[in-house]
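J.: Sending over coords.txt (compact mmCIF, C-alpha atoms).
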```
# COMPACT_ATOMS: atom_id res chain seq x y z
CA MET A 1 46.96 -26.02 -15.49
CA SER A 2 43.79 -27.82 -16.58
CA LEU A 3 41.17 -28.84 -14.01
CA GLN A 4 39.82 -31.61 -16.21
CA PRO A 5 41.83 -34.51 -14.67
CA HIS A 6 40.51 -33.60 -11.23
CA ILE A 7 36.81 -33.26 -12.09
CA ARG A 8 34.97 -36.55 -11.55
CA GLN A 9 31.39 -35.36 -12.14
CA LEU A 10 29.11 -32.36 -12.15
CA LYS A 11 26.15 -32.34 -9.82
CA PRO A 12 23.27 -29.90 -9.36
CA ARG A 13 23.77 -27.09 -6.89
CA ASN A 14 22.02 -27.29 -3.58
CA GLU A 15 19.30 -24.66 -3.95
CA SER A 16 17.94 -22.82 -0.95
CA THR A 17 14.22 -22.18 -0.79
CA VAL A 18 13.38 -18.51 -1.30
CA ASN A 19 10.11 -17.11 -0.03
CA HIS A 20 9.29 -15.01 -3.11
CA VAL A 21 5.77 -14.28 -1.86
CA GLY A 22 7.19 -12.90 1.35
CA LYS A 23 9.66 -10.72 -0.55
CA VAL A 24 6.93 -9.35 -2.79
CA GLN A 25 4.74 -8.66 0.26
CA LYS A 26 7.56 -6.74 1.95
CA LEU A 27 8.17 -4.70 -1.21
CA TYR A 28 4.46 -3.92 -1.46
CA GLU A 29 4.25 -2.87 2.19
CA SER A 30 7.37 -0.74 1.81
CA ALA A 31 5.99 1.04 -1.26
CA THR A 32 2.65 1.58 0.48
CA ASP A 33 4.35 3.13 3.51
CA ALA A 34 6.46 5.30 1.22
CA ALA A 35 3.37 6.48 -0.66
CA LYS A 36 1.80 7.53 2.66
CA GLU A 37 4.93 9.48 3.54
CA MET A 38 4.61 11.30 0.21
CA GLU A 39 1.57 13.07 1.70
CA TYR A 40 3.68 14.39 4.59
CA VAL A 41 6.51 15.41 2.28
CA LEU A 42 4.26 17.40 -0.04
CA VAL A 43 2.62 19.27 2.84
CA ASP A 44 6.03 20.17 4.27
CA ALA A 45 7.46 21.05 0.85
CA ALA A 46 4.58 23.49 0.31
CA GLY A 47 5.49 25.29 3.53
CA GLY A 48 2.98 23.55 5.77
CA ASP A 49 3.50 21.33 8.80
CA SER A 50 2.64 17.65 8.44
CA GLY A 51 3.84 16.86 11.94
CA LYS A 52 6.66 14.73 10.52
CA LYS A 53 10.36 15.56 10.41
CA VAL A 54 11.73 12.42 8.75
CA TYR A 55 10.46 10.14 5.98
CA PRO A 56 12.38 6.86 6.39
CA LYS A 57 10.23 4.76 4.05
CA LEU A 58 10.26 7.29 1.22
CA GLU A 59 13.96 8.23 1.37
CA PRO A 60 15.31 5.10 -0.42
CA TYR A 61 12.94 5.67 -3.35
CA ALA A 62 13.52 9.43 -3.50
CA GLN A 63 17.32 9.21 -3.31
CA LYS A 64 17.49 7.26 -6.55
CA LYS A 65 17.07 10.62 -8.30
CA PHE A 66 16.96 13.36 -5.64
CA ASP A 67 19.12 14.32 -2.68
CA SER A 68 16.30 13.66 -0.25
CA ALA A 69 12.59 12.96 0.03
CA LEU A 70 11.99 16.64 0.79
CA ASP A 71 13.78 17.60 -2.43
CA LEU A 72 11.45 15.23 -4.30
CA GLY A 73 8.50 16.95 -2.66
CA LYS A 74 9.78 20.42 -3.52
CA HIS A 75 10.25 19.36 -7.14
CA ILE A 76 6.59 18.33 -7.37
CA ILE A 77 5.25 21.32 -5.43
CA ASP A 78 7.25 23.72 -7.59
CA GLY A 79 5.97 21.98 -10.71
CA ILE A 80 2.32 22.48 -9.73
CA GLY A 81 2.95 26.09 -8.71
CA LEU A 82 2.23 25.80 -5.00
CA THR A 83 5.59 26.71 -3.47
CA ASN A 84 5.14 28.54 -0.15
CA LYS A 85 1.34 28.25 -0.40
CA GLY A 86 1.17 26.19 2.78
CA GLY A 87 -0.66 22.96 3.46
CA PHE A 88 -1.98 20.54 6.05
CA MET A 89 -3.23 16.99 6.46
CA ALA A 90 -6.94 16.51 5.89
CA ALA A 91 -9.24 15.83 8.85
CA THR A 92 -12.19 13.45 9.04
CA GLY A 93 -15.25 14.73 7.24
CA ASP A 94 -18.75 15.77 8.25
CA ILE A 95 -21.32 13.67 6.40
CA THR A 96 -24.15 15.58 4.75
CA LYS A 97 -27.55 15.74 6.44
CA LYS A 98 -29.35 16.72 3.25
CA LYS A 99 -32.20 14.67 1.80
CA TRP A 100 -33.31 13.70 -1.69
CA SER A 101 -36.57 15.00 -3.12
CA ASP A 102 -38.48 11.99 -1.73
CA GLY A 103 -37.34 12.82 1.80
CA THR A 104 -34.79 10.02 2.16
CA PRO A 105 -31.27 10.84 3.44
CA GLN A 106 -28.67 11.49 0.75
CA TRP A 107 -26.14 9.45 2.71
CA THR A 108 -26.74 6.53 5.05
CA GLY A 109 -23.14 5.34 5.41
CA GLY A 110 -21.17 6.40 8.47
CA ASN A 111 -17.54 6.24 7.26
CA ARG A 112 -16.05 9.71 7.80
CA THR A 113 -12.71 9.02 6.11
CA PRO A 114 -12.08 12.06 3.86
CA LYS A 115 -11.59 11.85 0.11
CA THR A 116 -9.16 14.74 0.52
CA ASP A 117 -5.75 13.44 1.59
CA ILE A 118 -3.96 16.76 1.91
CA VAL A 119 -4.75 20.45 1.44
CA LEU A 120 -2.14 22.38 -0.56
CA GLY A 121 -2.83 26.11 -0.68
CA ASP A 122 -6.58 26.26 -1.34
CA ARG A 123 -6.69 22.94 -3.18
CA LYS A 124 -8.29 19.87 -1.60
CA VAL A 125 -6.06 17.16 -3.02
CA SER A 126 -6.57 13.42 -3.41
CA LEU A 127 -3.09 11.94 -3.83
CA LYS A 128 -2.67 8.81 -5.93
CA LYS A 129 0.37 6.62 -6.45
CA GLY A 130 0.22 3.38 -8.48
CA SER A 131 -2.72 1.06 -7.97
CA SER A 132 -5.29 2.73 -5.75
CA GLN A 133 -8.82 2.31 -4.47
CA LEU A 134 -11.29 5.08 -5.24
CA MET A 135 -13.73 3.45 -2.84
CA SER A 136 -14.21 0.32 -0.78
CA GLY A 137 -17.57 0.50 0.94
CA GLY A 138 -19.99 -1.82 2.67
CA PRO A 139 -23.73 -1.95 1.97
CA ASP A 140 -24.62 1.54 3.28
CA GLU A 141 -21.68 3.35 1.67
CA SER A 142 -22.14 1.48 -1.62
CA MET A 143 -25.90 2.08 -1.74
CA SER A 144 -25.42 5.78 -1.03
CA THR A 145 -22.91 6.05 -3.87
CA TYR A 146 -25.25 4.12 -6.15
CA ARG A 147 -28.22 6.35 -5.26
CA THR A 148 -26.13 9.49 -5.86
CA ALA A 149 -25.14 8.25 -9.32
CA VAL A 150 -28.77 7.39 -10.15
CA GLU A 151 -30.06 10.80 -9.01
CA ASN A 152 -27.51 12.59 -11.20
CA THR A 153 -28.04 10.47 -14.33
CA SER A 154 -30.54 12.00 -16.74
CA SER A 155 -31.60 8.78 -18.42
CA PHE A 156 -31.66 5.71 -16.22
CA ASP A 157 -33.79 2.58 -16.30
CA LEU A 158 -34.33 1.44 -12.71
CA THR A 159 -35.57 -1.98 -13.83
CA ASN A 160 -33.79 -5.14 -14.98
CA LEU A 161 -30.00 -4.89 -14.60
CA ALA A 162 -30.05 -1.74 -12.45
CA LYS A 163 -32.59 -3.31 -10.09
CA GLU A 164 -30.42 -6.44 -9.85
CA VAL A 165 -27.41 -4.31 -8.91
CA GLU A 166 -29.44 -2.41 -6.31
CA ASP A 167 -30.72 -5.65 -4.80
CA GLY A 168 -27.21 -7.06 -4.91
CA ILE A 169 -25.87 -4.15 -2.87
CA THR A 170 -28.69 -4.57 -0.35
CA ASN A 171 -27.80 -8.24 0.09
CA LEU A 172 -24.05 -7.80 0.59
CA LEU A 173 -22.72 -9.86 3.48
CA PRO A 174 -22.87 -7.88 6.75
CA SER A 175 -20.24 -8.36 9.46
CA THR A 176 -20.09 -12.13 10.05
CA VAL A 177 -17.68 -14.36 11.98
CA GLY A 178 -16.47 -17.30 9.90
CA GLU A 179 -17.29 -20.84 11.01
CA PHE A 180 -13.69 -22.01 10.56
CA MET A 181 -10.26 -20.59 11.32
CA GLY A 182 -8.34 -18.50 8.82
CA GLY A 183 -8.97 -15.89 6.15
CA VAL A 184 -10.53 -16.55 2.75
CA ASP A 185 -7.32 -17.42 0.88
CA LEU A 186 -6.01 -19.70 3.63
CA GLN A 187 -9.35 -21.50 3.92
CA LYS A 188 -9.38 -22.08 0.16
CA SER A 189 -5.77 -23.24 -0.25
CA GLY A 190 -5.07 -24.62 3.23
CA GLY A 191 -2.34 -23.72 5.69
CA THR A 192 -1.53 -22.79 9.27
CA VAL A 193 -3.07 -20.00 11.32
CA TYR A 194 -0.65 -18.12 13.59
CA LYS A 195 -0.97 -15.53 16.30
CA ASP A 196 1.75 -13.58 14.52
CA THR A 197 0.98 -14.07 10.82
CA LYS A 198 3.93 -12.11 9.43
CA ARG A 199 6.58 -13.95 11.45
CA LYS A 200 4.65 -17.24 11.53
CA LYS A 201 4.84 -17.60 15.28
CA GLY A 202 2.33 -18.90 17.80
CA LYS A 203 0.51 -21.63 15.92
CA LEU A 204 -3.26 -21.60 16.46
CA GLY A 205 -4.28 -24.41 14.14
CA ASP A 206 -4.10 -26.02 10.72
CA VAL A 207 -6.74 -25.50 8.03
CA ALA A 208 -7.34 -28.08 5.30
CA PRO A 209 -7.66 -27.04 1.64
CA GLY A 210 -11.26 -26.51 0.58
CA THR A 211 -12.44 -25.56 4.08
CA PHE A 212 -13.96 -22.35 2.72
CA ASP A 213 -16.59 -24.26 0.74
CA LYS A 214 -17.83 -25.91 3.95
CA ASP A 215 -18.88 -22.55 5.40
CA THR A 216 -22.23 -22.23 3.64
CA VAL A 217 -22.71 -18.58 4.62
CA LEU A 218 -19.32 -17.42 3.30
CA LYS A 219 -19.56 -19.61 0.19
CA ALA A 220 -22.98 -18.16 -0.69
CA ALA A 221 -21.66 -14.63 -0.07
CA ASP A 222 -18.62 -15.29 -2.26
CA ASP A 223 -20.83 -16.48 -5.12
CA HIS A 224 -23.00 -13.38 -4.62
CA ASN A 225 -19.94 -11.12 -4.75
CA LEU A 226 -18.74 -12.60 -8.04
CA LEU A 227 -22.16 -12.26 -9.65
CA LEU A 228 -22.62 -8.67 -8.45
CA LYS A 229 -19.16 -7.75 -9.72
CA LYS A 230 -20.15 -8.88 -13.21
CA LYS A 231 -23.48 -7.06 -13.06
CA PHE A 232 -21.74 -3.85 -11.95
CA ALA A 233 -19.37 -4.11 -14.91
CA ASP A 234 -22.29 -4.72 -17.27
CA LEU A 235 -24.20 -1.72 -15.89
CA PHE A 236 -21.14 0.48 -16.32
CA THR A 237 -20.90 -0.64 -19.94
CA GLU A 238 -24.63 -0.17 -20.52
CA ASN A 239 -24.82 3.38 -19.13
CA ILE A 240 -21.67 5.50 -19.39
CA GLU A 241 -23.33 8.55 -17.82
CA PHE A 242 -24.18 6.47 -14.74
CA LYS A 243 -20.59 5.19 -14.60
CA LYS A 244 -19.25 8.76 -14.76
CA ASN A 245 -21.49 9.86 -11.91
CA PHE A 246 -20.65 6.79 -9.81
CA VAL A 247 -16.91 7.22 -10.36
CA TYR A 248 -17.08 10.97 -9.74
CA GLU A 249 -18.77 10.53 -6.36
CA ALA A 250 -16.36 7.72 -5.43
CA MET A 251 -13.43 9.97 -6.35
CA THR A 252 -14.53 13.18 -4.69
CA GLY A 253 -17.18 12.53 -2.05
CA ALA A 254 -18.93 15.67 -3.36
CA VAL A 255 -22.41 14.64 -2.17
CA LYS A 256 -21.28 12.66 0.86
CA PHE A 257 -19.33 15.60 2.31
CA ASP A 258 -21.49 18.31 0.70
CA LYS A 259 -18.41 19.65 -1.12
CA GLY A 260 -16.87 20.55 2.24
CA PRO A 261 -13.20 20.23 3.31
CA ALA A 262 -13.27 16.41 3.12
CA ALA A 263 -14.50 16.41 -0.51
CA ALA A 264 -11.57 16.37 -2.95
CA ASP A 265 -11.55 18.70 -5.96
CA TRP A 266 -8.01 18.12 -7.25
CA PHE A 267 -6.26 14.86 -8.12
CA LEU A 268 -2.49 14.65 -7.93
CA VAL A 269 -0.90 11.53 -9.42
CA VAL A 270 2.78 11.17 -8.52
CA ASP A 271 5.62 8.72 -8.83
CA PHE A 272 8.79 8.29 -6.81
CA ASP A 273 10.87 9.51 -9.75
CA GLY A 274 9.31 12.98 -9.51
CA THR A 275 6.82 12.70 -12.36
CA PHE A 276 3.40 14.12 -11.58
CA GLU A 277 0.05 15.09 -13.03
CA MET A 278 -2.40 17.52 -11.41
CA ASN A 279 -6.05 17.74 -12.48
CA GLU A 280 -9.04 19.68 -11.20
CA VAL A 281 -12.31 17.78 -10.88
CA LYS A 282 -15.42 19.85 -10.20
CA SER A 283 -18.06 17.73 -11.94
CA ALA A 284 -18.64 14.31 -13.49
CA ASN A 285 -18.24 15.91 -16.92
CA ASP A 286 -14.70 17.16 -16.32
CA PRO A 287 -12.13 15.73 -18.79
CA TYR A 288 -10.15 13.94 -16.07
CA VAL A 289 -13.15 11.83 -15.07
CA SER A 290 -13.51 10.69 -18.69
CA LYS A 291 -9.77 10.03 -18.84
CA VAL A 292 -9.75 7.67 -15.85
CA LEU A 293 -13.03 5.99 -16.73
CA SER A 294 -11.47 3.16 -18.75
CA LYS A 295 -8.97 2.50 -15.95
CA VAL A 296 -11.61 2.09 -13.24
CA LYS A 297 -12.73 -1.47 -12.59
CA PRO A 298 -15.57 -2.45 -10.24
CA ASP A 299 -14.95 -5.16 -7.70
CA VAL A 300 -17.01 -6.86 -5.00
CA LYS A 301 -14.99 -8.73 -2.41
CA PHE A 302 -14.55 -9.64 1.23
CA LYS A 303 -12.82 -7.58 3.84
CA SER A 304 -11.85 -9.22 7.10
CA THR A 305 -10.32 -8.64 10.49
CA ALA A 306 -9.01 -11.05 13.11
CA VAL A 307 -11.37 -11.91 15.96
CA LYS A 308 -9.78 -11.26 19.36
CA LYS A 309 -10.94 -11.93 22.88
CA LYS A 310 -9.70 -12.35 26.45
CA ILE A 311 -7.96 -15.72 26.84
CA ASP A 312 -6.51 -16.93 30.16
CA GLY A 313 -6.79 -13.43 31.58
CA VAL A 314 -4.95 -11.81 28.66
CA LYS A 315 -6.91 -9.33 26.55
CA ASN A 316 -6.93 -9.02 22.75
CA GLN A 317 -5.71 -12.51 21.96
CA LYS A 318 -6.26 -13.79 18.42
CA THR A 319 -8.62 -16.75 18.24
CA GLY A 320 -7.72 -17.79 14.71
CA HIS A 321 -11.20 -16.89 13.45
CA TYR A 322 -11.96 -13.88 11.27
CA ARG A 323 -14.87 -11.48 10.88
CA PHE A 324 -15.90 -10.99 7.23
CA TRP A 325 -18.04 -8.47 5.37
CA SER A 326 -18.52 -7.66 1.69
CA VAL A 327 -17.63 -4.35 0.03
CA VAL A 328 -17.98 -2.74 -3.37
CA GLY A 329 -14.66 -1.39 -4.56
CA LEU A 330 -13.39 0.65 -7.47
CA GLY A 331 -9.81 -0.14 -8.42
CA TYR A 332 -7.80 2.44 -10.31
CA THR A 333 -4.30 2.35 -11.76
CA ALA A 334 -3.17 5.93 -11.15
CA ALA A 335 0.31 5.77 -12.69
CA VAL A 336 -0.23 6.06 -16.43
CA LYS A 337 2.94 4.94 -18.17
CA ASN A 338 4.35 6.19 -21.47
CA LEU A 339 3.23 3.23 -23.53
CA ASN A 340 -0.36 3.74 -22.42
CA ASN A 341 -0.14 7.40 -23.40
CA ALA A 342 1.20 6.48 -26.83
CA TYR A 343 -1.58 3.96 -27.32
CA GLU A 344 -4.17 6.59 -26.35
CA ASP A 345 -2.75 8.87 -29.04
CA TYR A 346 -3.41 6.11 -31.54
CA GLU A 347 -6.95 5.59 -30.23
CA ASN A 348 -7.59 9.34 -30.47
CA GLY A 349 -6.68 9.37 -34.15
CA GLU A 350 -3.25 10.94 -33.67
CA LEU A 351 -1.35 8.02 -35.17
CA LEU A 352 0.26 10.13 -37.90
CA GLN A 353 1.53 12.82 -35.60
CA GLU A 354 5.27 12.82 -35.06
CA GLY A 355 4.78 12.85 -31.31
CA PHE A 356 3.28 9.37 -31.36
CA PHE A 357 6.26 7.85 -33.15
CA ASP A 358 8.63 9.79 -30.92
CA LYS A 359 7.01 8.19 -27.85
CA VAL A 360 7.12 4.69 -29.29
CA GLY A 361 10.68 5.20 -30.47
CA LYS A 362 11.85 6.38 -27.06
CA ILE A 363 10.17 3.45 -25.33
CA PHE A 364 11.69 0.94 -27.76
CA LYS A 365 15.11 2.56 -27.46
CA LYS A 366 15.00 2.39 -23.65
CA PHE A 367 13.95 -1.25 -23.82
CA THR A 368 16.75 -2.25 -26.20
CA GLN A 369 19.29 -0.34 -24.11
CA PHE A 370 18.09 -2.20 -21.04
CA LEU A 371 18.45 -5.58 -22.76
CA SER A 372 21.91 -4.61 -23.99
CA ARG A 373 23.02 -3.74 -20.45
CA VAL A 374 21.62 -7.00 -19.09
CA PHE A 375 23.42 -9.18 -21.66
CA THR A 376 26.67 -7.24 -21.24
CA LYS A 377 26.60 -7.84 -17.49
CA MET A 378 25.79 -11.50 -18.03
CA LYS A 379 28.70 -11.88 -20.43
CA GLU A 380 31.14 -10.14 -18.07
CA PHE A 381 29.98 -12.31 -15.17
CA ILE A 382 30.14 -15.62 -17.04
CA THR A 383 33.49 -15.09 -18.74
CA SER A 384 35.29 -13.63 -15.73
CA SER A 385 35.97 -17.02 -14.12
CA VAL A 386 35.32 -20.74 -14.25
CA SER A 387 33.40 -20.56 -10.96
CA ASN A 388 31.06 -17.94 -12.40
CA MET A 389 30.41 -20.14 -15.43
CA ALA A 390 29.54 -23.03 -13.13
CA GLU A 391 27.31 -20.82 -11.03
CA PHE A 392 25.48 -19.55 -14.11
CA LEU A 393 24.92 -23.10 -15.34
CA GLY A 394 23.73 -24.15 -11.89
CA VAL A 395 26.39 -26.82 -11.35
CA GLU A 396 29.13 -27.53 -8.84
CA PRO A 397 32.35 -29.38 -9.63
CA GLU A 398 33.20 -32.29 -7.33
CA ILE A 399 36.98 -32.20 -7.11
CA THR A 400 39.24 -34.94 -5.75
CA PHE A 401 43.03 -34.98 -5.38
CA ASP A 402 45.63 -37.74 -5.20
CA ASN A 403 47.13 -37.21 -1.75
CA ASN A 404 50.07 -39.68 -2.27
CA ILE A 405 53.21 -37.64 -2.85
CA SER A 406 56.02 -39.07 -4.94
CA TRP A 407 59.61 -37.90 -4.14
CA ASP A 408 61.13 -39.40 -7.26
```
Please express the file's structure as structure tokens.
T.:
Amino acid sequence: MSLQPHIRQLKPRNESTVNHVGKVQKLYESATDAAKEMEYVLVDAAGGDSGKKVYPKLEPYAQKKFDSALDLGKHIIDGIGLTNKGGFMAATGDITKKKWSDGTPQWTGGNRTPKTDIVLGDRKVSLKKGSSQLMSGGPDESMSTYRTAVENTSSFDLTNLAKEVEDGITNLLPSTVGEFMGGVDLQKSGGTVYKDTKRKKGKLGDVAPGTFDKDTVLKAADDHNLLLKKKFADLFTENIEFKKNFVYEAMTGAVKFDKGPAAADWFLVVDFDGTFEMNEVKSANDPYVSKVLSKVKPDVKFKSTAVKKKIDGVKNQKTGHYRFWSVVGLGYTAAVKNLNNAYEDYENGELLQEGFFDKVGKIFKKFTQFLSRVFTKMKEFITSSVSNMAEFLGVEPEITFDNNISWD
């Protein structure tokens, strides 16, 4: 029986609004939590005691390929040869009290967060998964890292660009409460400030777009951050030895922690599918430092935290205002995918080796197989029923019937 006589018109489907930003944020938070649990899993898999018995955030990722998160951990630990070697979570570090030749302290920053995430056997390991931060330090931490890199660079011109970078670090925004409500992004684009930001509950106030530019202190600091970011990138390009030394100290904390327990000397890059890469880093000239150099990008940005105070007798109530300060960061994409590896082979002059074409061929084959599966599923869905066809096209039939029954 044909539906055509009963279809008067086609109208667009009523679309529901989907908070894609919220979904992405939840996925990011979930992956971040899972990456943290990877530290516990690896310690336990090596025969140590992380203090954790379950890994709820990591399990969904691990079980795509392994029976459990612990099995994923054992696969990695076995692969790096540390089965039954023991392990533990790293503790906060002791900052060096040594001085440079001119009598000034080698380190003036006070952040004791270790560069070592976990200790596996006798290896002080910094664990990386996906996009990571090698450092994110305020004026004192950043200046100490800068000074360390300068002291260890054989040829360095402390005038012109280098002096501008040094002055730029000195003039980073210290801890400052914003004049208006909201964080940087909200002040720039406009929106509502809530007591509970995630669930958007407890409205504190509305912020108009462009409010950020009215706070002269933050606006000047933001302009300073952008300019210093560019100068840092230019200095890295101008002096590769300096960049190596800066990145090495940011990675390991070798000077900051005087090569003690909090200073990392191994870097373990992992993924949830069980792939891993383990590299020892004992100096700025080690091959792994050179390998990551092109993937490290300097950044200068704001960090912030909500201002809280006692309101109506209740402590720690959000006021809607934020405290801001500027930091120098080094972003690093730890997960190096196959296509990047193939491209590096080309850059290293290995274009004519069979391995290069094998890599490219495998990548292309996987991609075409993926597209084939997608189109097959689409075809099956669309052709299985009229309703599926309408859903795919984004339309709804408006159907009417003649309710008068004839008994002739």
J.: Per residue of segment 205-305 of chain A within 7 Å of segment 181-198 of chain A, what are the shortest atom pair and its distance in Å to one decimal, counting only C-alpha atoms, with rows by chain and residue number, as CSV?
T.:
```
residue,atom,partner,partner_atom,distance
A:Gly205,CA,A:Val193,CA,5.4
A:Asp206,CA,A:Thr192,CA,4.4
A:Val207,CA,A:Gly190,CA,5.2
A:Ala208,CA,A:Gly190,CA,4.6
A:Pro209,CA,A:Gly190,CA,3.9
A:Gly210,CA,A:Lys188,CA,4.8
A:Thr211,CA,A:Gln187,CA,5.1
A:Phe212,CA,A:Gln187,CA,4.8
```
J.: Out of A:Arg199, A:Lys74, A:Arg147, A:Lys219, which residue has the shortest atom-to-atom distance to Glu179 of chain A when counting only C-alpha atoms?
T.: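 Ranked by minimum distance to Glu179 of chain A, first place goes to A:Lys219.
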J.: Check the smallest atom-to-atom distance from each of A:Lys98, A:Lys243, A:Lys230, A:Lys115 to Leu293 of chain A using only C-alpha atoms, then report the winner.
T.: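 Looking at the shortest contact to Leu293 of chain A, the residue is A:Lys243.
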J.: Can you write out as CSV which residues of segment 222-313 of chain A fall within 12 Å of segment 31-40 of chain A, alongside each residue's closest atom pair and its distance in Å to one decimal, counting all atoms listed in the file and ordering rows by chain and ascending residue number?
T.:
```
residue,atom,partner,partner_atom,distance
A:Leu268,CA,A:Glu39,CA,10.6
A:Val269,CA,A:Ala35,CA,11.0
A:Val270,CA,A:Met38,CA,8.9
A:Asp271,CA,A:Ala35,CA,8.8
A:Phe272,CA,A:Ala35,CA,8.4
A:Asp273,CA,A:Met38,CA,11.9
A:Gly274,CA,A:Met38,CA,10.9
```
J.: To one decimal place in Å, what is the distance between atom CA of Gly253 of chain A and atom CA of Phe236 of chain A?
T.: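 Those two atoms sit 19.1 Å apart.
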J.: Tell me which of A:Leu127, A:Ala45, A:Thr159, A:Phe257 sits closest to Gly110 of chain A, counting all atoms listed in the file.
T.: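 With all atoms listed in the file as the atom set, the closest residue is A:Phe257.
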J.: Would you please work out which residue, of A:Phe302, A:Tyr332, A:Phe66, A:Tyr322, is nearest to Gly138 of chain A when using only C-alpha atoms?
T.: A:Phe302
J.: Quick one, how far is atom CA of Asp49 of chain A from atom CA of Thr83 of chain A?
T.: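 Atom CA of Thr83 of chain A lies at a distance of 13.6 Å from atom CA of Asp49 of chain A.
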J.: Restricting the calculation to only C-alpha atoms: of A:Gly320, A:Pro139, A:Gly47, A:Gly331, which residue gets closest to Ala250 of chain A?
T.: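 Comparing A:Gly320, A:Pro139, A:Gly47, A:Gly331 against Ala250 of chain A, the winner is A:Gly331.
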J.: How many Å lie between atom CA of Lys201 of chain A and atom CA of Thr176 of chain A, rounded to one decimal?
T.: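 If I compute the distance from atom CA of Lys201 of chain A to atom CA of Thr176 of chain A, I get 26.1 Å.
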J.: Counting all atoms listed in the file, which residues have an atom no more than 12 Å from (-29.9, -8.3, -0.8) in the file's coordinates? Please list them as number ranges by chain.
T.: A: 139-140, 143, 163-174, 221, 224-225, 228, 326
J.: Here is a test: counting only C-alpha atoms, which residue of A:Glu241, A:Asp265, A:Glu280, A:Glu249 is nearest to Lys124 of chain A?
T.: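 Among the listed residues, A:Asp265 lies closest to Lys124 of chain A.
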J.: Residues near Asp117 of chain A, anyone? I mean within 7 Å using all atoms listed in the file, not counting same-chain ones fewer than 6 positions away, as a PyMOL selection string.
T.: chain A and resi 89-90+125-127
J.: Which neighbours of Thr113 of chain A fall inside 9 Å, counting only C-alpha atoms, when residues of the same chain fewer than 6 positions from it are skipped, and could you give them as a list in words?
T.: Ala91, Thr92, Gly93 and Ala262 of chain A
J.: May I have the residues within 8 Å of Leu120 of chain A as a list in words, using only C-alpha atoms and disregarding those fewer than 4 positions away in the same chain?
T.: Val43, Ala46, Leu82, Lys85, Gly86, Gly87, Phe88, Lys124 and Val125 of chain A
